[in-house]
>>> print(open('work-v3.cif').read())   # mmCIF, C-alpha atoms
data_final
loop_
_atom_site.label_atom_id
_atom_site.label_comp_id
_atom_site.auth_asym_id
_atom_site.auth_seq_id
_atom_site.Cartn_x
_atom_site.Cartn_y
_atom_site.Cartn_z
CA MET A 1 17.24 -11.06 22.06
CA GLY A 2 14.76 -13.82 21.32
CA GLU A 3 12.26 -11.14 20.34
CA SER A 4 14.53 -9.58 17.76
CA VAL A 5 15.16 -12.96 16.17
CA ASN A 6 11.43 -13.53 15.89
CA ARG A 7 10.91 -10.16 14.31
CA ALA A 8 13.61 -10.81 11.74
CA GLN A 9 11.87 -14.05 10.83
CA ASP A 10 8.49 -12.35 10.56
CA GLU A 11 9.81 -9.71 8.18
CA GLY A 12 11.15 -12.40 5.88
CA ALA A 13 7.70 -14.03 5.93
CA GLY A 14 9.16 -16.81 8.05
CA GLN A 15 11.77 -17.80 5.49
CA PRO A 16 15.40 -16.73 5.36
CA LEU A 17 16.63 -15.54 1.98
CA ASP A 18 18.19 -18.53 0.21
CA ARG A 19 20.34 -18.53 -2.89
CA ARG A 20 17.36 -19.05 -5.21
CA GLY A 21 15.42 -16.23 -3.55
CA PHE A 22 18.41 -13.92 -3.73
CA PHE A 23 18.87 -14.47 -7.47
CA LYS A 24 15.14 -14.03 -8.00
CA TYR A 25 15.27 -10.62 -6.32
CA VAL A 26 18.38 -9.60 -8.25
CA LEU A 27 17.06 -10.74 -11.64
CA VAL A 28 13.57 -9.32 -11.20
CA GLY A 29 14.99 -6.12 -9.74
CA PHE A 30 17.53 -5.75 -12.52
CA SER A 31 14.94 -6.45 -15.21
CA ALA A 32 12.53 -3.92 -13.72
CA ALA A 33 15.24 -1.27 -13.34
CA ALA A 34 16.57 -1.86 -16.86
CA THR A 35 13.09 -1.65 -18.37
CA ALA A 36 12.30 1.52 -16.42
CA ALA A 37 15.60 3.10 -17.48
CA GLY A 38 15.04 2.02 -21.09
CA VAL A 39 11.69 3.79 -21.14
CA ALA A 40 12.68 6.82 -19.05
CA THR A 41 15.94 7.65 -20.86
CA PRO A 42 14.49 8.48 -24.30
CA VAL A 43 11.47 10.22 -22.75
CA VAL A 44 13.55 12.52 -20.53
CA ALA A 45 16.08 13.11 -23.32
CA TYR A 46 13.20 13.93 -25.67
CA LEU A 47 11.94 16.57 -23.23
CA TRP A 48 15.41 18.07 -22.79
CA PRO A 49 15.73 21.35 -24.77
CA PRO A 50 16.87 20.48 -28.30
CA LYS A 51 20.04 22.01 -29.75
CA GLN A 52 19.44 25.14 -31.77
CA ALA A 53 20.89 25.34 -35.27
CA ALA A 54 22.82 28.61 -34.86
CA GLY A 55 26.17 28.42 -33.06
CA ALA A 56 26.25 27.51 -29.42
CA GLY A 57 30.03 27.38 -29.36
CA GLY A 58 30.71 30.48 -27.29
CA GLY A 59 32.87 32.20 -29.94
CA ARG A 60 32.10 35.47 -31.61
CA VAL A 61 29.01 35.74 -33.74
CA ALA A 62 28.27 37.85 -36.81
CA VAL A 63 24.85 39.25 -35.91
CA ALA A 64 24.06 41.58 -38.80
CA ALA A 65 25.39 43.66 -41.68
CA ALA A 66 26.41 47.13 -40.52
CA ALA A 67 24.10 48.67 -43.11
CA ASP A 68 21.11 47.01 -41.44
CA LEU A 69 21.69 48.84 -38.16
CA PRO A 70 21.77 52.59 -38.86
CA VAL A 71 22.48 55.19 -36.17
CA GLY A 72 19.63 55.45 -33.69
CA LYS A 73 18.49 51.82 -34.02
CA GLY A 74 18.80 48.93 -31.59
CA VAL A 75 17.94 45.27 -32.27
CA VAL A 76 17.95 42.11 -30.15
CA PHE A 77 19.97 39.24 -31.68
CA SER A 78 20.52 35.68 -30.53
CA VAL A 79 24.17 35.22 -29.54
CA ASN A 80 24.95 31.63 -28.54
CA ASN A 81 21.32 31.15 -27.55
CA LYS A 82 21.28 34.26 -25.37
CA PRO A 83 19.44 37.43 -26.35
CA VAL A 84 21.82 40.36 -26.89
CA LEU A 85 20.75 43.93 -27.62
CA VAL A 86 22.99 45.73 -30.12
CA ILE A 87 22.51 49.51 -30.32
CA HIS A 88 24.04 51.91 -32.82
CA THR A 89 24.32 55.45 -31.42
CA GLU A 90 26.31 58.54 -32.43
CA ASP A 91 29.15 57.41 -30.17
CA GLY A 92 29.36 53.94 -31.68
CA TYR A 93 28.02 50.43 -31.08
CA HIS A 94 26.89 49.00 -27.78
CA ALA A 95 26.05 45.37 -27.03
CA LEU A 96 24.36 44.29 -23.79
CA SER A 97 22.57 41.29 -22.43
CA ALA A 98 18.90 41.77 -23.31
CA THR A 99 17.71 39.78 -20.31
CA CYS A 100 16.41 42.20 -17.69
CA THR A 101 18.15 41.73 -14.35
CA HIS A 102 14.80 42.10 -12.57
CA LEU A 103 12.66 39.16 -13.71
CA GLY A 104 14.14 38.11 -17.02
CA CYS A 105 11.99 39.87 -19.62
CA ILE A 106 13.71 40.86 -22.87
CA VAL A 107 14.58 44.57 -22.92
CA PHE A 108 14.31 46.79 -26.02
CA TRP A 109 15.87 50.01 -27.32
CA ALA A 110 13.42 52.88 -26.88
CA GLU A 111 14.42 54.97 -29.91
CA GLN A 112 12.61 58.15 -28.90
CA LYS A 113 13.88 58.32 -25.30
CA LYS A 114 17.30 56.86 -26.21
CA VAL A 115 17.26 54.47 -23.27
CA ILE A 116 16.99 50.72 -22.88
CA ALA A 117 13.56 49.80 -21.52
CA CYS A 118 12.01 46.66 -20.09
CA PRO A 119 8.40 46.04 -21.16
CA CYS A 120 7.40 44.21 -17.97
CA HIS A 121 7.98 46.54 -15.02
CA ALA A 122 9.42 49.70 -16.60
CA ALA A 123 13.08 49.31 -15.73
CA PHE A 124 15.28 51.73 -17.70
CA PHE A 125 18.99 51.41 -18.49
CA THR A 126 21.66 53.55 -20.15
CA THR A 127 23.57 52.32 -23.21
CA ASN A 128 26.29 51.22 -20.73
CA GLY A 129 23.77 49.01 -18.96
CA ASP A 130 23.54 51.16 -15.81
CA VAL A 131 20.14 51.33 -14.14
CA ILE A 132 18.38 54.69 -14.58
CA SER A 133 15.16 53.83 -12.78
CA GLY A 134 12.77 50.98 -12.07
CA PRO A 135 13.03 47.71 -10.16
CA ALA A 136 16.18 46.25 -11.80
CA PRO A 137 18.65 45.30 -9.01
CA ALA A 138 21.79 45.25 -11.21
CA PRO A 139 23.12 46.71 -14.46
CA LEU A 140 22.83 44.80 -17.74
CA PRO A 141 26.04 42.85 -18.51
CA VAL A 142 27.97 44.35 -21.42
CA TYR A 143 29.25 42.38 -24.45
CA GLN A 144 32.19 43.29 -26.71
CA VAL A 145 31.00 44.46 -30.11
CA LYS A 146 33.14 45.15 -33.20
CA VAL A 147 32.54 46.14 -36.77
CA GLU A 148 34.88 44.50 -39.30
CA GLY A 149 34.25 45.13 -42.94
CA ASP A 150 30.51 45.46 -43.22
CA GLN A 151 29.68 42.94 -40.50
CA ILE A 152 28.81 43.52 -36.83
CA TYR A 153 30.39 40.93 -34.54
CA VAL A 154 29.48 40.23 -30.91
CA GLU A 155 31.88 38.32 -28.68
CA GLY A 156 30.19 35.27 -27.18
CA GLY A 157 31.52 35.85 -23.67
CA GLN A 158 30.50 38.87 -21.64
CA ALA A 159 33.07 41.66 -21.40
CA MET B 1 -58.91 -5.45 -21.58
CA GLN B 2 -56.02 -3.80 -19.85
CA THR B 3 -56.43 -3.46 -16.12
CA GLN B 4 -53.23 -1.53 -15.57
CA PRO B 5 -51.91 1.38 -17.65
CA ARG B 6 -48.62 0.67 -19.39
CA ALA B 7 -45.58 1.88 -17.51
CA LYS B 8 -43.86 5.02 -18.74
CA TRP B 9 -41.35 4.52 -21.58
CA TRP B 10 -38.31 5.34 -19.42
CA THR B 11 -39.38 2.78 -16.82
CA ARG B 12 -39.73 0.16 -19.54
CA LEU B 13 -36.30 1.17 -20.97
CA GLY B 14 -34.84 0.81 -17.49
CA ASP B 15 -36.45 -2.62 -17.13
CA TRP B 16 -35.09 -3.65 -20.54
CA LEU B 17 -31.52 -2.63 -19.58
CA ASP B 18 -31.79 -4.13 -16.09
CA GLU B 19 -32.95 -7.43 -17.56
CA ARG B 20 -29.69 -7.58 -19.54
CA PHE B 21 -27.11 -5.93 -17.29
CA ASP B 22 -28.56 -6.48 -13.82
CA VAL B 23 -27.45 -3.00 -12.91
CA ARG B 24 -30.43 -1.38 -11.13
CA ILE B 25 -29.61 -2.33 -7.55
CA PRO B 26 -25.90 -1.36 -7.58
CA LEU B 27 -26.71 1.83 -9.52
CA GLU B 28 -29.43 2.83 -7.05
CA ALA B 29 -27.14 2.11 -4.13
CA PHE B 30 -24.56 4.37 -5.77
CA LEU B 31 -26.87 7.24 -6.73
CA ASN B 32 -29.38 7.35 -3.86
CA LYS B 33 -26.92 8.21 -1.13
CA PRO B 34 -28.53 10.74 1.24
CA VAL B 35 -26.56 13.87 2.15
CA PRO B 36 -26.32 14.20 5.96
CA LYS B 37 -28.35 17.04 7.45
CA HIS B 38 -25.37 19.00 8.78
CA ALA B 39 -23.94 19.14 5.27
CA ILE B 40 -26.94 20.73 3.56
CA LYS B 41 -25.31 24.15 3.54
CA TRP B 42 -24.12 26.31 0.65
CA TYR B 43 -20.50 26.06 1.72
CA PHE B 44 -20.56 22.28 1.31
CA CYS B 45 -21.19 22.87 -2.40
CA LEU B 46 -17.84 24.52 -3.16
CA GLY B 47 -16.12 21.31 -4.28
CA GLY B 48 -19.05 20.43 -6.52
CA ILE B 49 -18.96 23.95 -7.99
CA THR B 50 -15.24 23.49 -8.71
CA PHE B 51 -16.01 20.23 -10.53
CA ALA B 52 -18.88 21.86 -12.47
CA LEU B 53 -16.43 24.57 -13.58
CA PHE B 54 -13.97 21.83 -14.59
CA VAL B 55 -16.65 20.28 -16.81
CA ILE B 56 -17.30 23.71 -18.37
CA GLN B 57 -13.55 24.04 -18.98
CA GLY B 58 -13.50 20.65 -20.66
CA VAL B 59 -16.39 21.45 -23.00
CA THR B 60 -15.29 25.01 -23.90
CA GLY B 61 -11.65 23.88 -24.18
CA ILE B 62 -12.52 21.15 -26.66
CA LEU B 63 -14.51 23.70 -28.68
CA LEU B 64 -11.59 26.18 -28.65
CA SER B 65 -9.19 23.45 -29.84
CA LEU B 66 -11.13 23.22 -33.11
CA TYR B 67 -9.94 26.72 -34.12
CA TYR B 68 -6.77 27.39 -32.08
CA ARG B 69 -3.34 27.02 -33.76
CA PRO B 70 -0.37 26.46 -31.41
CA THR B 71 2.33 28.20 -33.49
CA PRO B 72 4.04 31.58 -32.94
CA GLU B 73 2.74 32.74 -36.33
CA GLY B 74 -0.79 31.40 -35.99
CA ALA B 75 -1.72 31.52 -32.30
CA TYR B 76 -2.67 35.17 -31.89
CA ASP B 77 -4.41 35.31 -35.29
CA SER B 78 -6.45 32.23 -34.41
CA ILE B 79 -7.51 33.92 -31.15
CA LEU B 80 -8.61 37.01 -33.11
CA PHE B 81 -10.44 34.71 -35.53
CA ILE B 82 -12.26 32.99 -32.66
CA MET B 83 -13.19 36.33 -31.10
CA ASN B 84 -14.26 38.15 -34.29
CA ASN B 85 -15.30 35.61 -36.94
CA VAL B 86 -16.47 32.41 -35.26
CA ARG B 87 -20.15 32.52 -34.24
CA PHE B 88 -20.26 32.81 -30.44
CA GLY B 89 -16.48 32.38 -30.44
CA TRP B 90 -16.23 35.38 -28.12
CA LEU B 91 -18.62 33.64 -25.74
CA ILE B 92 -16.85 30.27 -25.73
CA ARG B 93 -13.42 31.82 -25.20
CA SER B 94 -14.61 34.26 -22.55
CA VAL B 95 -16.44 31.53 -20.63
CA HIS B 96 -13.21 29.47 -20.78
CA ALA B 97 -11.14 32.38 -19.47
CA TRP B 98 -13.60 33.37 -16.74
CA SER B 99 -14.39 29.92 -15.43
CA ALA B 100 -10.62 29.26 -15.32
CA LYS B 101 -10.28 32.11 -12.84
CA LEU B 102 -13.38 31.01 -10.94
CA MET B 103 -12.18 27.40 -10.81
CA ILE B 104 -9.02 28.44 -8.96
CA ALA B 105 -11.04 30.65 -6.61
CA MET B 106 -13.58 27.87 -5.90
CA CYS B 107 -10.77 25.34 -5.41
CA ILE B 108 -9.25 27.54 -2.70
CA ALA B 109 -12.68 28.26 -1.17
CA HIS B 110 -13.35 24.50 -1.04
CA MET B 111 -10.00 23.92 0.66
CA LEU B 112 -10.78 26.64 3.21
CA ARG B 113 -14.13 24.96 4.01
CA VAL B 114 -12.41 21.58 4.41
CA PHE B 115 -9.80 23.21 6.63
CA ILE B 116 -12.29 25.13 8.81
CA THR B 117 -14.59 22.12 9.36
CA GLY B 118 -11.53 19.97 10.11
CA SER B 119 -12.54 17.52 7.40
CA TYR B 120 -8.91 16.80 6.48
CA LYS B 121 -8.33 14.91 9.75
CA LYS B 122 -8.01 11.14 10.13
CA PRO B 123 -9.16 9.10 8.23
CA ARG B 124 -9.32 11.65 5.39
CA GLU B 125 -5.67 12.74 5.24
CA LEU B 126 -5.04 11.18 1.83
CA ASN B 127 -8.03 12.88 0.29
CA TRP B 128 -6.59 16.21 1.45
CA VAL B 129 -3.34 15.21 -0.27
CA ALA B 130 -5.24 14.28 -3.46
CA GLY B 131 -7.04 17.63 -3.23
CA THR B 132 -3.74 19.48 -2.88
CA PHE B 133 -2.51 17.82 -6.07
CA LEU B 134 -5.78 18.88 -7.72
CA LEU B 135 -5.08 22.49 -6.70
CA LEU B 136 -1.56 22.26 -8.16
CA LEU B 137 -2.94 20.75 -11.38
CA THR B 138 -5.55 23.51 -11.58
CA LEU B 139 -2.82 26.13 -11.16
CA GLY B 140 -0.81 24.26 -13.82
CA PHE B 141 -3.76 24.54 -16.19
CA GLY B 142 -3.93 28.26 -15.45
CA PHE B 143 -0.20 28.79 -15.98
CA THR B 144 0.02 26.85 -19.26
CA GLY B 145 -3.23 28.31 -20.59
CA TYR B 146 -2.03 31.86 -19.90
CA LEU B 147 0.66 31.59 -22.61
CA LEU B 148 -1.59 30.23 -25.36
CA PRO B 149 -3.10 33.57 -26.61
CA TRP B 150 0.53 34.52 -27.47
CA ASP B 151 0.01 38.25 -26.89
CA GLN B 152 2.31 40.59 -24.96
CA LYS B 153 0.71 39.80 -21.61
CA ALA B 154 0.98 36.06 -22.24
CA LEU B 155 4.61 36.17 -23.36
CA TRP B 156 5.91 38.34 -20.53
CA GLY B 157 3.67 36.75 -17.93
CA SER B 158 5.07 33.34 -18.82
CA THR B 159 8.62 34.74 -18.96
CA VAL B 160 8.39 36.16 -15.44
CA GLY B 161 6.44 33.18 -14.10
CA SER B 162 8.87 30.58 -15.43
CA GLU B 163 11.86 32.69 -14.36
CA ILE B 164 10.93 31.80 -10.76
CA LEU B 165 11.93 28.20 -11.47
CA GLY B 166 15.37 29.45 -12.55
CA ALA B 167 15.95 30.85 -9.06
CA ILE B 168 16.30 27.32 -7.61
CA PRO B 169 19.96 26.77 -6.68
CA VAL B 170 22.10 24.42 -8.84
CA VAL B 171 19.31 22.78 -10.91
CA GLY B 172 17.32 25.98 -11.62
CA ASP B 173 18.71 26.64 -15.11
CA ALA B 174 18.24 23.01 -16.19
CA LEU B 175 14.63 22.97 -14.95
CA LEU B 176 13.97 26.32 -16.63
CA GLY B 177 15.30 24.95 -19.93
CA LEU B 178 13.16 21.84 -19.49
CA LEU B 179 10.05 23.94 -18.87
CA ARG B 180 10.68 26.41 -21.70
CA GLY B 181 12.23 24.03 -24.21
CA GLY B 182 15.21 26.41 -24.46
CA PRO B 183 16.74 29.42 -22.75
CA ASP B 184 13.86 31.77 -23.68
CA VAL B 185 10.10 31.66 -24.09
CA THR B 186 9.74 30.77 -27.78
CA GLY B 187 7.56 28.72 -30.12
CA LEU B 188 9.03 25.64 -28.44
CA THR B 189 7.57 26.85 -25.14
CA LEU B 190 4.22 27.42 -26.82
CA THR B 191 3.92 23.84 -28.12
CA ARG B 192 5.15 22.49 -24.79
CA PHE B 193 2.55 24.43 -22.82
CA TYR B 194 -0.09 23.50 -25.40
CA GLY B 195 0.69 19.79 -25.04
CA ALA B 196 0.63 20.07 -21.26
CA HIS B 197 -2.60 22.07 -21.26
CA MET B 198 -4.41 19.78 -23.71
CA LEU B 199 -3.12 16.29 -22.89
CA ILE B 200 -0.75 15.86 -19.94
CA LEU B 201 -2.63 17.88 -17.32
CA PRO B 202 -6.08 16.52 -18.33
CA ALA B 203 -4.77 12.95 -18.04
CA LEU B 204 -3.34 13.68 -14.58
CA ILE B 205 -6.39 15.56 -13.33
CA PHE B 206 -8.70 12.68 -14.30
CA ILE B 207 -6.60 10.31 -12.19
CA PHE B 208 -6.70 12.60 -9.15
CA LEU B 209 -10.38 13.54 -9.61
CA GLY B 210 -11.23 9.84 -9.79
CA ALA B 211 -9.30 9.16 -6.59
CA HIS B 212 -10.85 12.21 -4.88
CA PHE B 213 -14.40 11.06 -5.66
CA VAL B 214 -13.90 7.33 -4.95
CA ILE B 215 -12.39 8.20 -1.57
CA ILE B 216 -15.22 10.58 -0.62
CA ARG B 217 -17.84 7.96 -1.53
CA ARG B 218 -15.96 5.25 0.36
CA GLN B 219 -15.49 7.34 3.52
CA GLY B 220 -18.58 9.55 3.39
CA ILE B 221 -18.35 13.22 4.24
CA SER B 222 -17.06 14.28 7.62
CA GLY B 223 -19.34 14.61 10.66
CA PRO B 224 -20.82 17.82 12.14
CA LEU B 225 -18.62 20.22 14.09
#
>>> encode(input="work-v3.cif", output="structure tokens")
Amino acid sequence: MGESVNRAQDEGAGQPLDRRGFFKYVLVGFSAAATAAGVATPVVAYLWPPKQAAGAGGGRVAVAAAADLPVGKGVVFSVNNKPVLVIHTEDGYHALSATCTHLGCIVFWAEQKKVIACPCHAAFFTTNGDVISGPAPAPLPVYQVKVEGDQIYVEGGQA
Amino acid sequence: MQTQPRAKWWTRLGDWLDERFDVRIPLEAFLNKPVPKHAIKWYFCLGGITFALFVIQGVTGILLSLYYRPTPEGAYDSILFIMNNVRFGWLIRSVHAWSAKLMIAMCIAHMLRVFITGSYKKPRELNWVAGTFLLLLTLGFGFTGYLLPWDQKALWGSTVGSEILGAIPVVGDALLGLLRGGPDVTGLTLTRFYGAHMLILPALIFIFLGAHFVIIRRQGISGPL
């Protein structure tokens, strides 16, 4: 028991913490923490990805005029900050997530072969998002797409 | 009549400086440190080779920065300009690219030597830790530099490479956004990687290189096997 008392005294450099010492620790500690937080907050916030101008609301987004996407074409648009591939085929419009389910590259519409292709590791998908071949472990998520008037709209949430 | 020939000009310059700064004795003590016999082997040069490659990277990198433009519109064109129009631009850029690869290889070779000769053991544990950070910084240089040409290989390589960070549970997406400056690899990612490659990583690597070298001079190199 005597030993533990001695050790406690040694750790406090031989002096118990008095009121003055306690307030010194608190004030210095608080000042240091407040200064560190004051510097770190704007720096970390600065590094945080800035908001993009175009809607991040999650609603539906007008991606293009229907005339700009003739039959046979497919284009990647930004829908609420996510890349979405919109394809116009003979049987209508298709909208799918353009982020490959393998390693996240952005897929494209291969006009000649009429399939969706990933440039990185040659994954191929149908217009419904199903995997034809390649390393992709899952189908591409499908988005709702509608044409109203002369505008193509993509629903923000996945179907 | 002169009895003695005048000393060579560099000796007299040294004398002149020593008279003012009193620096000869500490400088000689620092520079004239003999290498122990057991360490005069080619495989004890791997760390020095890594540092020599780092110096080459510094010089060629500074030269490249005079022509490179870190924007999505300008990056690839500026690379073509360096390769095709700038005199010896092809040489400077190729040396930068090749010694980047060699620097990583030599870093790992140096670590293997340190591991095999047991040089990481007490009292040199912290220098092993500093060296590990230097390896990570070197890989960071490689990863950020890979995006800068802004060609297809760069874009998709960085997409796949950064995607790995997104696989971390819970915080993965936030960290991925922080690294890319957004959900995808865009011009924001390019300027981020450029800033890291040109300023942040060099500042960090100087700190760790300094520590690495001060520690090795303080402790000396490890004994024979």
>>> interface_residues(input="work-v3.cif", of="chain B", to="chain A", cutoff="6 Å", atoms="all atoms listed in the file", output="ChimeraX atom specification")
/B:160,178,181-182
>>> atom_distance(input="work-v3.cif", atom1="atom CA of A:Leu96", atom2="atom CA of A:Val142")
4.3 Å
>>> resolve_selection(input="work-v3.cif", expression="the PyMOL selection byres ((chain B and resi 205) around 12)", output="PyMOL selection string")
chain B and resi 51+54-55+58+130-141+196-204+206-213
>>> closest_residue(input="work-v3.cif", among="A:Gly134, A:Pro16, A:Gly38, A:Gly92", to="A:Val71", atoms="all atoms listed in the file")
A:Gly92
>>> closest_residue(input="work-v3.cif", among="B:Gly145, B:Thr159, B:Leu225, B:Leu190", to="A:Cys100", atoms="all atoms listed in the file")
B:Thr159
>>> resolve_selection(input="work-v3.cif", expression="the PyMOL selection byres ((chain A and resi 73) around 8)", output="list in words")
Leu69, Pro70, Val71, Gly72, Gly74, Val75, Ile87, His88, Thr89, Trp109 and Glu111 of chain A
>>> write_last_selection(input="work-v3.cif", atoms="C-alpha atoms", output="CSV table (one decimal), in the coordinates of the input")
chain,number,residue,atom,x,y,z
A,69,LEU,CA,21.7,48.8,-38.2
A,70,PRO,CA,21.8,52.6,-38.9
A,71,VAL,CA,22.5,55.2,-36.2
A,72,GLY,CA,19.6,55.4,-33.7
A,74,GLY,CA,18.8,48.9,-31.6
A,75,VAL,CA,17.9,45.3,-32.3
A,87,ILE,CA,22.5,49.5,-30.3
A,88,HIS,CA,24.0,51.9,-32.8
A,89,THR,CA,24.3,55.4,-31.4
A,109,TRP,CA,15.9,50.0,-27.3
A,111,GLU,CA,14.4,55.0,-29.9
>>> residues_around(input="work-v3.cif", residues="stretch 34-45 of chain B", least_positions_apart="6", cutoff="9 Å", atoms="only C-alpha atoms", output="list in words")
Ala109, His110, Arg113, Val114, Ile221, Ser222, Gly223, Pro224 and Leu225 of chain B
>>> atom_distance(input="work-v3.cif", atom1="atom CA of A:Gly149", atom2="atom CA of A:Gln112")
28.9 Å
>>> resolve_selection(input="work-v3.cif", expression="the PyMOL selection byres ((chain B and resi 100) around 12)", output="MDAnalysis selection string")
chainID B and resid 50:58 60:61 93:99 101:107 138:146
>>> write_last_selection(input="work-v3.cif", atoms="C-alpha atoms", output="mmCIF file, in the frame of the given file")
data_model
loop_
_atom_site.group_PDB
_atom_site.id
_atom_site.type_symbol
_atom_site.label_atom_id
_atom_site.label_comp_id
_atom_site.auth_asym_id
_atom_site.auth_seq_id
_atom_site.Cartn_x
_atom_site.Cartn_y
_atom_site.Cartn_z
ATOM 1 C CA THR B 50 -15.240 23.490 -8.710
ATOM 2 C CA PHE B 51 -16.010 20.230 -10.530
ATOM 3 C CA ALA B 52 -18.880 21.860 -12.470
ATOM 4 C CA LEU B 53 -16.430 24.570 -13.580
ATOM 5 C CA PHE B 54 -13.970 21.830 -14.590
ATOM 6 C CA VAL B 55 -16.650 20.280 -16.810
ATOM 7 C CA ILE B 56 -17.300 23.710 -18.370
ATOM 8 C CA GLN B 57 -13.550 24.040 -18.980
ATOM 9 C CA GLY B 58 -13.500 20.650 -20.660
ATOM 10 C CA THR B 60 -15.290 25.010 -23.900
ATOM 11 C CA GLY B 61 -11.650 23.880 -24.180
ATOM 12 C CA ARG B 93 -13.420 31.820 -25.200
ATOM 13 C CA SER B 94 -14.610 34.260 -22.550
ATOM 14 C CA VAL B 95 -16.440 31.530 -20.630
ATOM 15 C CA HIS B 96 -13.210 29.470 -20.780
ATOM 16 C CA ALA B 97 -11.140 32.380 -19.470
ATOM 17 C CA TRP B 98 -13.600 33.370 -16.740
ATOM 18 C CA SER B 99 -14.390 29.920 -15.430
ATOM 19 C CA LYS B 101 -10.280 32.110 -12.840
ATOM 20 C CA LEU B 102 -13.380 31.010 -10.940
ATOM 21 C CA MET B 103 -12.180 27.400 -10.810
ATOM 22 C CA ILE B 104 -9.020 28.440 -8.960
ATOM 23 C CA ALA B 105 -11.040 30.650 -6.610
ATOM 24 C CA MET B 106 -13.580 27.870 -5.900
ATOM 25 C CA CYS B 107 -10.770 25.340 -5.410
ATOM 26 C CA THR B 138 -5.550 23.510 -11.580
ATOM 27 C CA LEU B 139 -2.820 26.130 -11.160
ATOM 28 C CA GLY B 140 -0.810 24.260 -13.820
ATOM 29 C CA PHE B 141 -3.760 24.540 -16.190
ATOM 30 C CA GLY B 142 -3.930 28.260 -15.450
ATOM 31 C CA PHE B 143 -0.200 28.790 -15.980
ATOM 32 C CA THR B 144 0.020 26.850 -19.260
ATOM 33 C CA GLY B 145 -3.230 28.310 -20.590
ATOM 34 C CA TYR B 146 -2.030 31.860 -19.900
#
>>> closest_residue(input="work-v3.cif", among="A:Phe125, A:Asp150, A:Cys118, A:Pro135", to="B:Trp156", atoms="only C-alpha atoms")
A:Cys118
>>> atom_distance(input="work-v3.cif", atom1="atom CA of A:Val147", atom2="atom CA of A:Val131")
26.3 Å
>>> residues_around(input="work-v3.cif", residues="stretch 166-170 of chain B", least_positions_apart="2", cutoff="12 Å", atoms="all atoms listed in the file", output="compact mmCIF listing (two decimals) with C-alpha atoms, in the frame of the given file")
# COMPACT_ATOMS: atom_id res chain seq x y z
CA HIS A 102 14.80 42.10 -12.57
CA LEU A 103 12.66 39.16 -13.71
CA GLY A 104 14.14 38.11 -17.02
CA THR B 159 8.62 34.74 -18.96
CA VAL B 160 8.39 36.16 -15.44
CA GLY B 161 6.44 33.18 -14.10
CA SER B 162 8.87 30.58 -15.43
CA GLU B 163 11.86 32.69 -14.36
CA ILE B 164 10.93 31.80 -10.76
CA GLY B 172 17.32 25.98 -11.62
CA ASP B 173 18.71 26.64 -15.11
CA ALA B 174 18.24 23.01 -16.19
CA LEU B 175 14.63 22.97 -14.95
CA LEU B 176 13.97 26.32 -16.63
CA GLY B 177 15.30 24.95 -19.93
CA LEU B 178 13.16 21.84 -19.49
CA LEU B 179 10.05 23.94 -18.87
CA ARG B 180 10.68 26.41 -21.70
CA PRO B 183 16.74 29.42 -22.75
CA ASP B 184 13.86 31.77 -23.68
>>> closest_residue(input="work-v3.cif", among="A:Thr127, A:Ala62, A:Arg20, A:Gln151", to="A:Glu90", atoms="all atoms listed in the file")
A:Thr127
>>> residues_around(input="work-v3.cif", residues="stretch 66-81 of chain B", least_positions_apart="3", cutoff="9 Å", atoms="all atoms listed in the file", output="PyMOL selection string")
chain B and resi 61-63+84-86+89+93+148-151+186-188+190-191+194
>>> closest_residue(input="work-v3.cif", among="A:Asp91, A:His121, A:Ala36, A:Ala64", to="B:Gly157", atoms="all atoms listed in the file")
A:His121
